[in-house]
file upload_24.pdb (PDB, C-alpha atoms)
ATOM      1  CA  MET I   1      -0.368 -69.563 140.012
ATOM      2  CA  THR I   2       1.409 -66.393 138.948
ATOM      3  CA  THR I   3      -0.859 -63.337 138.799
ATOM      4  CA  ALA I   4      -0.710 -61.401 135.549
ATOM      5  CA  LEU I   5      -0.649 -57.725 136.475
ATOM      6  CA  SER I   6      -2.910 -55.367 134.567
ATOM      7  CA  GLY I   7      -0.930 -53.359 132.040
ATOM      8  CA  GLN I   8      -3.023 -50.270 132.735
ATOM      9  CA  GLU I   9      -2.339 -50.460 136.445
ATOM     10  CA  VAL I  10       1.411 -50.798 135.969
ATOM     11  CA  SER I  11       1.492 -48.112 133.275
ATOM     12  CA  ARG I  12      -0.101 -45.707 135.793
ATOM     13  CA  GLN I  13       2.785 -46.401 138.165
ATOM     14  CA  ILE I  14       5.319 -45.964 135.351
ATOM     15  CA  GLY I  15       3.601 -42.756 134.237
ATOM     16  CA  GLU I  16       3.993 -41.168 137.663
ATOM     17  CA  ARG I  17       7.755 -41.527 137.381
ATOM     18  CA  PHE I  18       8.300 -41.299 133.603
ATOM     19  CA  PRO I  19       5.439 -39.277 132.080
ATOM     20  CA  ASP I  20       6.425 -39.817 128.414
ATOM     21  CA  ALA I  21       7.533 -43.428 128.574
ATOM     22  CA  VAL I  22       4.262 -45.275 127.951
ATOM     23  CA  LEU I  23       2.827 -45.226 124.440
ATOM     24  CA  GLN I  24      -0.304 -47.219 125.172
ATOM     25  CA  SER I  25      -1.491 -49.870 127.587
ATOM     26  CA  ASP I  26      -4.309 -52.329 128.042
ATOM     27  CA  GLU I  27      -5.123 -55.218 130.348
ATOM     28  CA  ALA I  28      -2.592 -57.503 128.678
ATOM     29  CA  ALA I  29       0.460 -55.382 128.093
ATOM     30  CA  VAL I  30       2.306 -52.065 128.323
ATOM     31  CA  VAL I  31       3.739 -50.593 125.136
ATOM     32  CA  LEU I  32       6.786 -48.426 125.782
ATOM     33  CA  ARG I  33       8.802 -45.943 123.817
ATOM     34  CA  GLY I  34      12.074 -47.541 122.727
ATOM     35  CA  GLU I  35      14.321 -44.839 124.157
ATOM     36  CA  SER I  36      12.823 -45.125 127.652
ATOM     37  CA  LEU I  37      12.973 -48.929 127.798
ATOM     38  CA  LEU I  38      16.110 -49.197 129.890
ATOM     39  CA  GLU I  39      15.110 -46.719 132.602
ATOM     40  CA  VAL I  40      11.598 -48.169 132.858
ATOM     41  CA  ALA I  41      13.027 -51.678 133.065
ATOM     42  CA  GLN I  42      15.328 -50.523 135.848
ATOM     43  CA  PHE I  43      12.293 -48.992 137.598
ATOM     44  CA  LEU I  44      10.271 -52.217 137.229
ATOM     45  CA  LYS I  45      13.125 -54.271 138.591
ATOM     46  CA  ALA I  46      13.911 -52.075 141.593
ATOM     47  CA  THR I  47      10.578 -50.669 142.760
ATOM     48  CA  PRO I  48       9.178 -52.352 145.879
ATOM     49  CA  GLY I  49       5.832 -53.957 145.101
ATOM     50  CA  LEU I  50       6.856 -54.678 141.502
ATOM     51  CA  GLU I  51      10.354 -56.200 141.720
ATOM     52  CA  PHE I  52      10.488 -57.990 138.387
ATOM     53  CA  ASP I  53      13.646 -59.934 139.103
ATOM     54  CA  TYR I  54      13.277 -62.520 136.357
ATOM     55  CA  LEU I  55      13.051 -62.122 132.589
ATOM     56  CA  THR I  56      11.066 -65.073 131.259
ATOM     57  CA  SER I  57      11.445 -64.453 127.556
ATOM     58  CA  ILE I  58      12.169 -61.996 124.788
ATOM     59  CA  SER I  59      10.406 -62.404 121.455
ATOM     60  CA  GLY I  60      10.836 -60.492 118.233
ATOM     61  CA  VAL I  61       7.750 -60.002 116.048
ATOM     62  CA  ASP I  62       7.401 -58.562 112.562
ATOM     63  CA  TYR I  63       4.099 -56.715 111.947
ATOM     64  CA  LEU I  64       5.230 -55.325 108.560
ATOM     65  CA  ASP I  65       4.463 -51.740 109.675
ATOM     66  CA  TYR I  66       6.851 -52.086 112.576
ATOM     67  CA  LEU I  67       8.987 -54.596 114.430
ATOM     68  CA  GLU I  68       8.050 -55.370 117.995
ATOM     69  CA  VAL I  69       9.979 -56.890 120.876
ATOM     70  CA  VAL I  70       7.943 -58.525 123.637
ATOM     71  CA  TYR I  71       9.424 -58.895 127.129
ATOM     72  CA  HIS I  72       7.766 -61.279 129.562
ATOM     73  CA  LEU I  73       8.733 -60.289 133.084
ATOM     74  CA  THR I  74       8.136 -62.267 136.248
ATOM     75  CA  SER I  75       8.642 -61.413 139.876
ATOM     76  CA  MET I  76       9.810 -64.419 141.853
ATOM     77  CA  LYS I  77       9.316 -62.502 145.054
ATOM     78  CA  ASN I  78       5.765 -61.256 144.512
ATOM     79  CA  ASN I  79       4.670 -64.054 142.162
ATOM     80  CA  HIS I  80       3.271 -61.800 139.467
ATOM     81  CA  SER I  81       4.065 -61.169 135.829
ATOM     82  CA  LEU I  82       3.900 -58.439 133.219
ATOM     83  CA  VAL I  83       4.191 -58.123 129.440
ATOM     84  CA  LEU I  84       6.228 -55.229 128.068
ATOM     85  CA  LYS I  85       6.295 -54.327 124.394
ATOM     86  CA  VAL I  86       8.586 -52.023 122.474
ATOM     87  CA  ARG I  87       8.205 -51.057 118.827
ATOM     88  CA  CYS I  88      10.671 -50.121 116.091
ATOM     89  CA  TRP I  89       9.378 -48.346 113.004
ATOM     90  CA  ASP I  90      12.677 -48.218 111.182
ATOM     91  CA  ARG I  91      12.899 -51.529 109.316
ATOM     92  CA  ASP I  92      16.319 -50.826 107.854
ATOM     93  CA  LYS I  93      18.137 -50.080 111.083
ATOM     94  CA  PRO I  94      15.954 -51.171 113.984
ATOM     95  CA  SER I  95      17.676 -50.524 117.282
ATOM     96  CA  LEU I  96      16.688 -50.843 120.916
ATOM     97  CA  PRO I  97      18.587 -50.594 124.175
ATOM     98  CA  SER I  98      19.799 -53.909 125.542
ATOM     99  CA  VAL I  99      18.591 -55.079 128.961
ATOM    100  CA  VAL I 100      21.484 -57.505 129.557
ATOM    101  CA  SER I 101      22.820 -55.176 132.257
ATOM    102  CA  LEU I 102      19.596 -55.784 134.245
ATOM    103  CA  TRP I 103      18.730 -59.391 133.439
ATOM    104  CA  ARG I 104      21.628 -61.592 132.398
ATOM    105  CA  GLY I 105      19.184 -64.007 130.762
ATOM    106  CA  ALA I 106      18.545 -61.453 128.047
ATOM    107  CA  ASP I 107      21.963 -62.207 126.543
ATOM    108  CA  LEU I 108      21.085 -65.190 124.364
ATOM    109  CA  GLN I 109      17.501 -64.135 123.702
ATOM    110  CA  GLU I 110      18.473 -60.734 122.379
ATOM    111  CA  ARG I 111      20.973 -62.466 120.150
ATOM    112  CA  GLU I 112      18.191 -64.694 118.852
ATOM    113  CA  ALA I 113      15.968 -61.687 118.104
ATOM    114  CA  TYR I 114      18.925 -60.073 116.359
ATOM    115  CA  ASP I 115      19.691 -63.215 114.385
ATOM    116  CA  LEU I 116      16.186 -64.008 113.146
ATOM    117  CA  VAL I 117      14.357 -60.653 113.101
ATOM    118  CA  GLY I 118      17.310 -58.306 112.778
ATOM    119  CA  ILE I 119      16.823 -55.997 115.744
ATOM    120  CA  ALA I 120      20.115 -54.550 116.964
ATOM    121  CA  PHE I 121      20.327 -54.172 120.732
ATOM    122  CA  SER I 122      22.695 -51.359 121.594
ATOM    123  CA  GLY I 123      24.829 -52.038 124.614
ATOM    124  CA  HIS I 124      24.737 -55.820 124.203
ATOM    125  CA  PRO I 125      28.123 -57.303 125.151
ATOM    126  CA  ASN I 126      28.249 -59.881 122.356
ATOM    127  CA  LEU I 127      25.702 -59.117 119.646
ATOM    128  CA  LYS I 128      26.204 -61.645 116.860
ATOM    129  CA  ARG I 129      24.308 -64.500 115.254
ATOM    130  CA  ILE I 130      23.396 -67.377 117.533
ATOM    131  CA  LEU I 131      21.353 -69.947 115.592
ATOM    132  CA  LEU I 132      22.519 -69.246 112.076
ATOM    133  CA  TRP I 133      26.121 -69.086 111.032
ATOM    134  CA  GLU I 134      28.303 -66.056 110.567
ATOM    135  CA  GLY I 135      28.046 -64.915 106.949
ATOM    136  CA  PHE I 136      24.366 -65.814 106.545
ATOM    137  CA  GLU I 137      22.523 -63.098 104.623
ATOM    138  CA  GLY I 138      19.297 -61.588 105.904
ATOM    139  CA  HIS I 139      17.038 -62.221 108.855
ATOM    140  CA  PRO I 140      14.769 -65.169 108.029
ATOM    141  CA  LEU I 141      11.853 -64.517 110.376
ATOM    142  CA  ARG I 142      11.183 -61.138 108.779
ATOM    143  CA  ARG I 143       8.015 -61.341 106.739
ATOM    144  CA  ASP I 144       9.698 -59.853 103.682
ATOM    145  CA  TYR I 145      12.472 -62.490 103.737
ATOM    146  CA  LEU I 146      12.649 -64.415 100.408
TER     147      LEU I 146
ATOM    148  CA  MET T   1      45.576 -59.119 133.579
ATOM    149  CA  GLU T   2      42.909 -59.178 130.934
ATOM    150  CA  MET T   3      39.805 -61.167 131.811
ATOM    151  CA  MET T   4      39.144 -64.099 129.532
ATOM    152  CA  SER T   5      35.939 -63.580 127.590
ATOM    153  CA  VAL T   6      33.085 -66.028 128.093
ATOM    154  CA  TYR T   7      32.132 -65.538 124.438
ATOM    155  CA  SER T   8      33.580 -67.284 121.427
ATOM    156  CA  SER T   9      35.775 -65.139 119.262
ATOM    157  CA  LEU T  10      34.400 -63.646 116.073
ATOM    158  CA  GLU T  11      37.303 -65.061 114.048
ATOM    159  CA  LEU T  12      36.253 -68.554 115.095
ATOM    160  CA  ASP T  13      32.646 -67.835 114.100
ATOM    161  CA  ARG T  14      33.723 -66.454 110.732
ATOM    162  CA  ALA T  15      35.840 -69.529 110.037
ATOM    163  CA  GLU T  16      32.871 -71.728 110.917
ATOM    164  CA  GLY T  17      30.599 -69.673 108.656
ATOM    165  CA  LEU T  18      33.043 -69.951 105.757
ATOM    166  CA  ALA T  19      33.257 -73.739 106.210
ATOM    167  CA  ILE T  20      29.444 -73.980 106.165
ATOM    168  CA  ASP T  21      29.105 -71.782 103.064
ATOM    169  CA  GLU T  22      31.727 -73.918 101.343
ATOM    170  CA  LEU T  23      29.889 -77.109 102.297
ATOM    171  CA  ILE T  24      26.599 -75.701 100.962
ATOM    172  CA  ALA T  25      28.282 -74.850  97.666
ATOM    173  CA  ARG T  26      29.741 -78.360  97.428
ATOM    174  CA  SER T  27      26.496 -80.140  98.413
ATOM    175  CA  GLN T  28      24.060 -78.982  95.761
ATOM    176  CA  GLN T  29      23.609 -82.478  94.303
ATOM    177  CA  PRO T  30      22.719 -85.643  96.249
ATOM    178  CA  ILE T  31      25.412 -88.306  96.581
ATOM    179  CA  PRO T  32      24.322 -91.511  94.758
ATOM    180  CA  ASP T  33      23.235 -94.326  97.074
ATOM    181  CA  PRO T  34      25.939 -96.998  97.430
ATOM    182  CA  ASP T  35      23.926 -99.928  96.091
ATOM    183  CA  ARG T  36      24.987-100.505  92.494
ATOM    184  CA  TRP T  37      27.125-103.476  93.560
ATOM    185  CA  LEU T  38      23.973-105.241  94.786
ATOM    186  CA  GLU T  39      22.918-105.905  91.194
ATOM    187  CA  GLU T  40      26.347-106.908  89.909
ATOM    188  CA  GLU T  41      26.781-110.340  88.434
ATOM    189  CA  ARG T  42      29.154-112.296  90.646
ATOM    190  CA  ARG T  43      31.246-115.227  89.515
ATOM    191  CA  PRO T  44      31.096-117.961  92.152
ATOM    192  CA  ASN T  45      34.413-118.499  93.846
ATOM    193  CA  VAL T  46      34.680-121.063  96.617
ATOM    194  CA  LEU T  47      37.261-119.192  98.628
ATOM    195  CA  ILE T  48      35.655-115.746  98.367
ATOM    196  CA  THR T  49      32.082-116.853  98.944
ATOM    197  CA  SER T  50      32.927-118.786 102.092
ATOM    198  CA  VAL T  51      34.983-115.901 103.455
ATOM    199  CA  ASP T  52      32.148-113.531 102.533
ATOM    200  CA  ALA T  53      29.612-115.699 104.329
ATOM    201  CA  VAL T  54      31.552-115.657 107.584
ATOM    202  CA  LEU T  55      32.544-111.997 107.333
ATOM    203  CA  ASN T  56      29.070-110.742 106.466
ATOM    204  CA  TRP T  57      27.502-112.862 109.181
ATOM    205  CA  GLY T  58      29.845-111.294 111.689
ATOM    206  CA  ARG T  59      29.325-107.785 110.408
ATOM    207  CA  ARG T  60      25.539-107.867 110.263
ATOM    208  CA  SER T  61      25.176-109.641 113.609
ATOM    209  CA  SER T  62      26.897-106.884 115.552
ATOM    210  CA  VAL T  63      26.277-103.573 113.855
ATOM    211  CA  TRP T  64      27.216-100.981 116.431
ATOM    212  CA  PRO T  65      25.442 -97.669 115.867
ATOM    213  CA  VAL T  66      26.983 -94.317 116.693
ATOM    214  CA  ASN T  67      24.944 -91.934 118.814
ATOM    215  CA  PHE T  68      23.643 -89.316 116.405
ATOM    216  CA  GLY T  69      20.270 -88.069 117.618
ATOM    217  CA  LEU T  70      19.350 -84.748 116.034
ATOM    218  CA  ALA T  71      15.665 -84.148 116.682
ATOM    219  CA  CYS T  72      12.427 -85.867 117.688
ATOM    220  CA  CYS T  73      13.340 -89.021 115.708
ATOM    221  CA  ALA T  74      16.075 -89.576 118.280
ATOM    222  CA  PHE T  75      13.431 -90.451 120.865
ATOM    223  CA  GLU T  76      12.033 -93.175 118.637
ATOM    224  CA  MET T  77      15.602 -94.411 118.223
ATOM    225  CA  ILE T  78      16.017 -94.409 122.005
ATOM    226  CA  ALA T  79      12.699 -96.240 122.349
ATOM    227  CA  THR T  80      14.024 -98.799 119.886
ATOM    228  CA  ALA T  81      17.056 -99.291 122.069
ATOM    229  CA  VAL T  82      15.195 -99.936 125.326
ATOM    230  CA  SER T  83      13.469-103.059 126.513
ATOM    231  CA  ARG T  84      10.095-102.948 124.741
ATOM    232  CA  PHE T  85      11.551-102.960 121.234
ATOM    233  CA  ASP T  86      15.002-104.082 122.286
ATOM    234  CA  ILE T  87      17.507-103.459 119.528
ATOM    235  CA  ALA T  88      19.832-105.828 121.446
ATOM    236  CA  ARG T  89      18.052-108.707 119.727
ATOM    237  CA  PHE T  90      20.057-107.778 116.648
ATOM    238  CA  GLY T  91      23.361-107.349 118.436
ATOM    239  CA  MET T  92      23.035-103.573 118.273
ATOM    240  CA  GLU T  93      22.573-102.584 121.880
ATOM    241  CA  LEU T  94      25.927-100.816 122.018
ATOM    242  CA  PHE T  95      25.252 -97.238 120.997
ATOM    243  CA  ARG T  96      28.781 -95.921 120.812
ATOM    244  CA  ALA T  97      29.700 -92.456 121.941
ATOM    245  CA  SER T  98      32.766 -92.613 119.722
ATOM    246  CA  PRO T  99      32.463 -92.922 115.930
ATOM    247  CA  ARG T 100      35.730 -94.886 115.905
ATOM    248  CA  GLN T 101      33.954 -97.851 117.479
ATOM    249  CA  ALA T 102      30.837 -97.702 115.309
ATOM    250  CA  ASP T 103      29.713 -99.274 112.041
ATOM    251  CA  LEU T 104      26.365 -97.595 111.496
ATOM    252  CA  MET T 105      25.276 -93.990 111.728
ATOM    253  CA  ILE T 106      21.540 -93.618 112.346
ATOM    254  CA  VAL T 107      20.868 -90.013 111.327
ATOM    255  CA  SER T 108      17.699 -89.473 113.313
ATOM    256  CA  GLY T 109      16.199 -86.063 112.724
ATOM    257  CA  THR T 110      16.442 -82.753 110.940
ATOM    258  CA  LEU T 111      19.919 -81.899 109.750
ATOM    259  CA  THR T 112      20.673 -78.194 109.592
ATOM    260  CA  TRP T 113      23.478 -76.713 107.555
ATOM    261  CA  LYS T 114      25.136 -75.590 110.761
ATOM    262  CA  MET T 115      25.250 -79.202 111.980
ATOM    263  CA  ALA T 116      26.238 -80.664 108.596
ATOM    264  CA  PRO T 117      30.041 -80.271 108.943
ATOM    265  CA  GLN T 118      29.912 -82.141 112.243
ATOM    266  CA  LEU T 119      27.880 -84.964 110.676
ATOM    267  CA  LYS T 120      30.415 -85.211 107.878
ATOM    268  CA  ARG T 121      33.281 -85.258 110.346
ATOM    269  CA  ILE T 122      31.727 -88.009 112.453
ATOM    270  CA  TYR T 123      31.043 -90.044 109.316
ATOM    271  CA  GLU T 124      34.645 -89.657 108.205
ATOM    272  CA  GLN T 125      35.894 -90.760 111.620
ATOM    273  CA  MET T 126      34.035 -94.070 111.415
ATOM    274  CA  PRO T 127      36.172 -97.000 110.291
ATOM    275  CA  GLU T 128      35.324 -98.960 107.135
ATOM    276  CA  PRO T 129      33.064-100.760 106.484
ATOM    277  CA  LYS T 130      30.409 -98.247 107.516
ATOM    278  CA  TRP T 131      26.758 -97.700 106.787
ATOM    279  CA  VAL T 132      24.337 -94.812 107.114
ATOM    280  CA  LEU T 133      20.651 -95.060 107.874
ATOM    281  CA  ALA T 134      18.519 -91.953 107.256
ATOM    282  CA  MET T 135      15.698 -92.046 109.775
ATOM    283  CA  GLY T 136      12.568 -89.956 109.173
ATOM    284  CA  VAL T 137      11.554 -87.703 106.299
ATOM    285  CA  CYS T 138      13.752 -84.822 107.465
ATOM    286  CA  ALA T 139      16.873 -86.940 107.136
ATOM    287  CA  MET T 140      15.596 -88.419 103.861
ATOM    288  CA  SER T 141      14.674 -85.248 102.019
ATOM    289  CA  GLY T 142      14.376 -82.345 104.429
ATOM    290  CA  GLY T 143      10.728 -83.308 104.877
ATOM    291  CA  THR T 144       8.485 -80.423 105.792
ATOM    292  CA  PHE T 145      11.545 -78.170 106.055
ATOM    293  CA  ALA T 146      12.843 -78.879 102.544
ATOM    294  CA  GLY T 147      13.489 -75.529 100.891
ATOM    295  CA  SER T 148      13.967 -73.828 104.227
ATOM    296  CA  TYR T 149      16.874 -71.463 104.767
ATOM    297  CA  SER T 150      18.661 -73.636 107.280
ATOM    298  CA  VAL T 151      17.824 -77.299 106.644
ATOM    299  CA  VAL T 152      19.797 -79.744 104.507
ATOM    300  CA  PRO T 153      17.376 -81.262 101.961
ATOM    301  CA  GLY T 154      18.335 -84.846 102.702
ATOM    302  CA  VAL T 155      21.468 -86.144 104.411
ATOM    303  CA  ASN T 156      22.475 -87.769 101.124
ATOM    304  CA  ARG T 157      23.797 -84.317 100.227
ATOM    305  CA  ILE T 158      26.460 -84.819 102.886
ATOM    306  CA  VAL T 159      27.074 -88.574 103.203
ATOM    307  CA  PRO T 160      26.029 -91.597 101.111
ATOM    308  CA  VAL T 161      22.921 -93.215 102.590
ATOM    309  CA  ASP T 162      22.356 -96.980 102.587
ATOM    310  CA  VAL T 163      18.838 -97.275 103.992
ATOM    311  CA  TYR T 164      16.010 -94.752 104.150
ATOM    312  CA  VAL T 165      13.292 -95.164 106.786
ATOM    313  CA  PRO T 166      10.293 -92.901 106.115
ATOM    314  CA  GLY T 167       7.979 -91.597 108.831
ATOM    315  CA  CYS T 168       7.553 -88.481 110.921
ATOM    316  CA  PRO T 169       8.923 -89.874 113.120
ATOM    317  CA  PRO T 170       9.083 -93.561 112.130
ATOM    318  CA  ARG T 171       7.864 -95.932 114.798
ATOM    319  CA  PRO T 172      10.466 -98.231 116.353
ATOM    320  CA  GLU T 173       9.019-101.108 114.278
ATOM    321  CA  ALA T 174       9.808 -99.112 111.127
ATOM    322  CA  LEU T 175      13.366 -98.489 112.297
ATOM    323  CA  LEU T 176      13.785-102.184 113.078
ATOM    324  CA  TYR T 177      12.462-103.022 109.596
ATOM    325  CA  GLY T 178      15.016-100.618 108.126
ATOM    326  CA  ILE T 179      17.755-102.276 110.153
ATOM    327  CA  GLY T 180      16.531-105.629 108.806
ATOM    328  CA  MET T 181      16.901-104.286 105.275
ATOM    329  CA  LEU T 182      20.414-103.133 106.139
ATOM    330  CA  HIS T 183      21.227-106.641 107.371
ATOM    331  CA  GLN T 184      20.047-108.037 104.039
ATOM    332  CA  LYS T 185      22.229-105.522 102.262
ATOM    333  CA  ILE T 186      25.284-106.409 104.325
ATOM    334  CA  ALA T 187      24.624-110.105 103.623
ATOM    335  CA  LYS T 188      25.076-109.415  99.904
ATOM    336  CA  ASP T 189      28.384-107.636 100.417
ATOM    337  CA  SER T 190      31.562-109.221  99.107
ATOM    338  CA  ILE T 191      35.237-108.604  99.636
ATOM    339  CA  ALA T 192      35.623-108.971  95.853
ATOM    340  CA  VAL T 193      33.448-105.923  95.157
ATOM    341  CA  LYS T 194      34.659-102.399  95.564
ATOM    342  CA  ARG T 195      32.072-100.441  97.504
TER     343      ARG T 195
END
call {"tool": "encode", "arguments": {"input": "upload_24.pdb", "output": "structure tokens"}}
result
Amino acid sequence: MTTALSGQEVSRQIGERFPDAVLQSDEAAVVLRGESLLEVAQFLKATPGLEFDYLTSISGVDYLDYLEVVYHLTSMKNNHSLVLKVRCWDRDKPSLPSVVSLWRGADLQEREAYDLVGIAFSGHPNLKRILLWEGFEGHPLRRDYL
Amino acid sequence: MEMMSVYSSLELDRAEGLAIDELIARSQQPIPDPDRWLEEERRPNVLITSVDAVLNWGRRSSVWPVNFGLACCAFEMIATAVSRFDIARFGMELFRASPRQADLMIVSGTLTWKMAPQLKRIYEQMPEPKWVLAMGVCAMSGGTFAGSYSVVPGVNRIVPVDVYVPGCPPRPEALLYGIGMLHQKIAKDSIAVKR
């Protein structure tokens, strides 16, 4: 069974390296600042003892006040997992750095979050709609859609 | 040398999007079910009725369905095809991978607007005479997704439907009953009537 790492414990390790990166943390998850996502993700992937080499899923969530992207990370090597969260307060032009350069599996899932929730991932090699067709108006999983 | 991209080109996507938007605009009203000829008064004609009898017997005894599984209903369709329910009893065991060899399209599952042009194309590639069976409430009316942003509210917006089988999903018995109704419908067909 994969061990779920404590968010607080991991955020302490992140904080030693990137003091401003973590917004808040609890047992379940680490909430990061959007602009530091890529460097923290690189740190989580490369640091011995963490080595999150596998991105299980990316989900986009609309909380009305802000949009959130949830990253489920897994380490195949150490058999543990972690939940990362990043928030966007700008509903009109939400933007986050893409993690495709680190985990190739992020490609389609970031496109899905872009398609349905409307979060633009900067640096994505092919950011366009994936489930809906080109020319569709709006992002249907936003809570203010319709 | 430039590397070939692994991604589809945006022009292709735009063309696809335009075709879908056009189809949505054209499909706002359901296509009437092709069954008016069932009620028509028919003058008995020795030659035509005997030809009809043989032809319709042949047609309804070997209705070959085209593979068109869209969602969870497809598994009930598959279950219908295997030994417990055994669709082969009705001469239908040959699920064709090619629409050109098929007579019946069992639309089993939720049809999205993105899939609709492909359904229409497969239907148009089937040779006459051809029939369509809408399996499950999603195919009938959009079901629980009717009014959604991406689901076709009934496949009769895209192709004319001969038999509707309700259920979510319908059990194999229900599908077999629907196929029985289709057989009855084919039995009433006549070469003298324009479909």
call {"tool": "closest_atom_pairs", "arguments": {"input": "upload_24.pdb", "of": "chain I", "to": "chain T", "cutoff": "10 Å", "atoms": "all atoms listed in the file", "output": "tab-separated table"}}
result
residue	atom	partner	partner_atom	distance
I:Pro125	CA	T:Tyr7	CA	9.2
I:Asn126	CA	T:Tyr7	CA	7.2
I:Lys128	CA	T:Leu10	CA	8.5
I:Arg129	CA	T:Asp13	CA	9.1
I:Ile130	CA	T:Asp13	CA	9.9
I:Leu131	CA	T:Lys114	CA	8.3
I:Leu132	CA	T:Lys114	CA	7.0
I:Trp133	CA	T:Gly17	CA	5.1
I:Glu134	CA	T:Gly17	CA	4.7
I:Gly135	CA	T:Gly17	CA	5.7
I:Phe136	CA	T:Gly17	CA	7.6
I:Pro140	CA	T:Tyr149	CA	7.4
I:Leu146	CA	T:Tyr149	CA	9.3
call {"tool": "write_last_selection", "arguments": {"input": "upload_24.pdb", "atoms": "C-alpha atoms", "output": "mmCIF file, in the coordinates of the input"}}
result
data_model
loop_
_atom_site.group_PDB
_atom_site.id
_atom_site.type_symbol
_atom_site.label_atom_id
_atom_site.label_comp_id
_atom_site.auth_asym_id
_atom_site.auth_seq_id
_atom_site.Cartn_x
_atom_site.Cartn_y
_atom_site.Cartn_z
ATOM 1 C CA PRO I 125 28.123 -57.303 125.151
ATOM 2 C CA ASN I 126 28.249 -59.881 122.356
ATOM 3 C CA LYS I 128 26.204 -61.645 116.860
ATOM 4 C CA ARG I 129 24.308 -64.500 115.254
ATOM 5 C CA ILE I 130 23.396 -67.377 117.533
ATOM 6 C CA LEU I 131 21.353 -69.947 115.592
ATOM 7 C CA LEU I 132 22.519 -69.246 112.076
ATOM 8 C CA TRP I 133 26.121 -69.086 111.032
ATOM 9 C CA GLU I 134 28.303 -66.056 110.567
ATOM 10 C CA GLY I 135 28.046 -64.915 106.949
ATOM 11 C CA PHE I 136 24.366 -65.814 106.545
ATOM 12 C CA PRO I 140 14.769 -65.169 108.029
ATOM 13 C CA LEU I 146 12.649 -64.415 100.408
#
call {"tool": "closest_residue", "arguments": {"input": "upload_24.pdb", "among": "I:Leu32, I:Ile58, I:Val22, I:Ala46", "to": "Ser75 of chain I", "atoms": "all atoms listed in the file"}}
result
I:Ala46
call {"tool": "resolve_selection", "arguments": {"input": "upload_24.pdb", "expression": "the PyMOL selection byres ((chain I and resi 101-106) around 7)", "output": "ChimeraX atom specification"}}
result
/I:42,54-55,99-100,107-110
call {"tool": "write_last_selection", "arguments": {"input": "upload_24.pdb", "atoms": "C-alpha atoms", "output": "mmCIF file, keeping the file's coordinate frame"}}
result
data_model
loop_
_atom_site.group_PDB
_atom_site.id
_atom_site.type_symbol
_atom_site.label_atom_id
_atom_site.label_comp_id
_atom_site.auth_asym_id
_atom_site.auth_seq_id
_atom_site.Cartn_x
_atom_site.Cartn_y
_atom_site.Cartn_z
ATOM 1 C CA GLN I 42 15.328 -50.523 135.848
ATOM 2 C CA TYR I 54 13.277 -62.520 136.357
ATOM 3 C CA LEU I 55 13.051 -62.122 132.589
ATOM 4 C CA VAL I 99 18.591 -55.079 128.961
ATOM 5 C CA VAL I 100 21.484 -57.505 129.557
ATOM 6 C CA ASP I 107 21.963 -62.207 126.543
ATOM 7 C CA LEU I 108 21.085 -65.190 124.364
ATOM 8 C CA GLN I 109 17.501 -64.135 123.702
ATOM 9 C CA GLU I 110 18.473 -60.734 122.379
#
call {"tool": "residues_around", "arguments": {"input": "upload_24.pdb", "residues": "Met105 of chain T", "least_positions_apart": "3", "cutoff": "8 Å", "atoms": "all atoms listed in the file", "output": "list in words"}}
result
Pro65, Val66, Asn67, Phe68, Ala102, Tyr123, Lys130, Trp131, Val132 and Leu133 of chain T
call {"tool": "closest_residue", "arguments": {"input": "upload_24.pdb", "among": "T:Thr49, T:Asn56, T:Ser61, T:Gln28", "to": "Pro129 of chain T", "atoms": "all atoms listed in the file"}}
result
T:Asn56
call {"tool": "resolve_selection", "arguments": {"input": "upload_24.pdb", "expression": "the PyMOL selection byres ((chain I and resi 64-72) around 6)", "output": "VMD selection string"}}
result
chain I and resid 56 to 63 73 83 to 89
call {"tool": "write_last_selection", "arguments": {"input": "upload_24.pdb", "atoms": "C-alpha atoms", "output": "compact mmCIF listing (two decimals), in the coordinates of the input"}}
result
# COMPACT_ATOMS: atom_id res chain seq x y z
CA THR I 56 11.07 -65.07 131.26
CA SER I 57 11.44 -64.45 127.56
CA ILE I 58 12.17 -62.00 124.79
CA SER I 59 10.41 -62.40 121.46
CA GLY I 60 10.84 -60.49 118.23
CA VAL I 61 7.75 -60.00 116.05
CA ASP I 62 7.40 -58.56 112.56
CA TYR I 63 4.10 -56.72 111.95
CA LEU I 73 8.73 -60.29 133.08
CA VAL I 83 4.19 -58.12 129.44
CA LEU I 84 6.23 -55.23 128.07
CA LYS I 85 6.30 -54.33 124.39
CA VAL I 86 8.59 -52.02 122.47
CA ARG I 87 8.20 -51.06 118.83
CA CYS I 88 10.67 -50.12 116.09
CA TRP I 89 9.38 -48.35 113.00
call {"tool": "residues_around", "arguments": {"input": "upload_24.pdb", "residues": "Pro160 of chain T", "least_positions_apart": "2", "cutoff": "6 Å", "atoms": "all atoms listed in the file", "output": "PyMOL selection string"}}
result
chain T and resi 31+33+156
call {"tool": "closest_residue", "arguments": {"input": "upload_24.pdb", "among": "T:Ile186, T:Leu111, T:Arg89, T:Trp64", "to": "Met126 of chain T", "atoms": "all atoms listed in the file"}}
result
T:Trp64
call {"tool": "atom_distance", "arguments": {"input": "upload_24.pdb", "atom1": "atom CA of Glu173 of chain T", "atom2": "atom CA of Glu124 of chain T"}}
result
28.7 Å
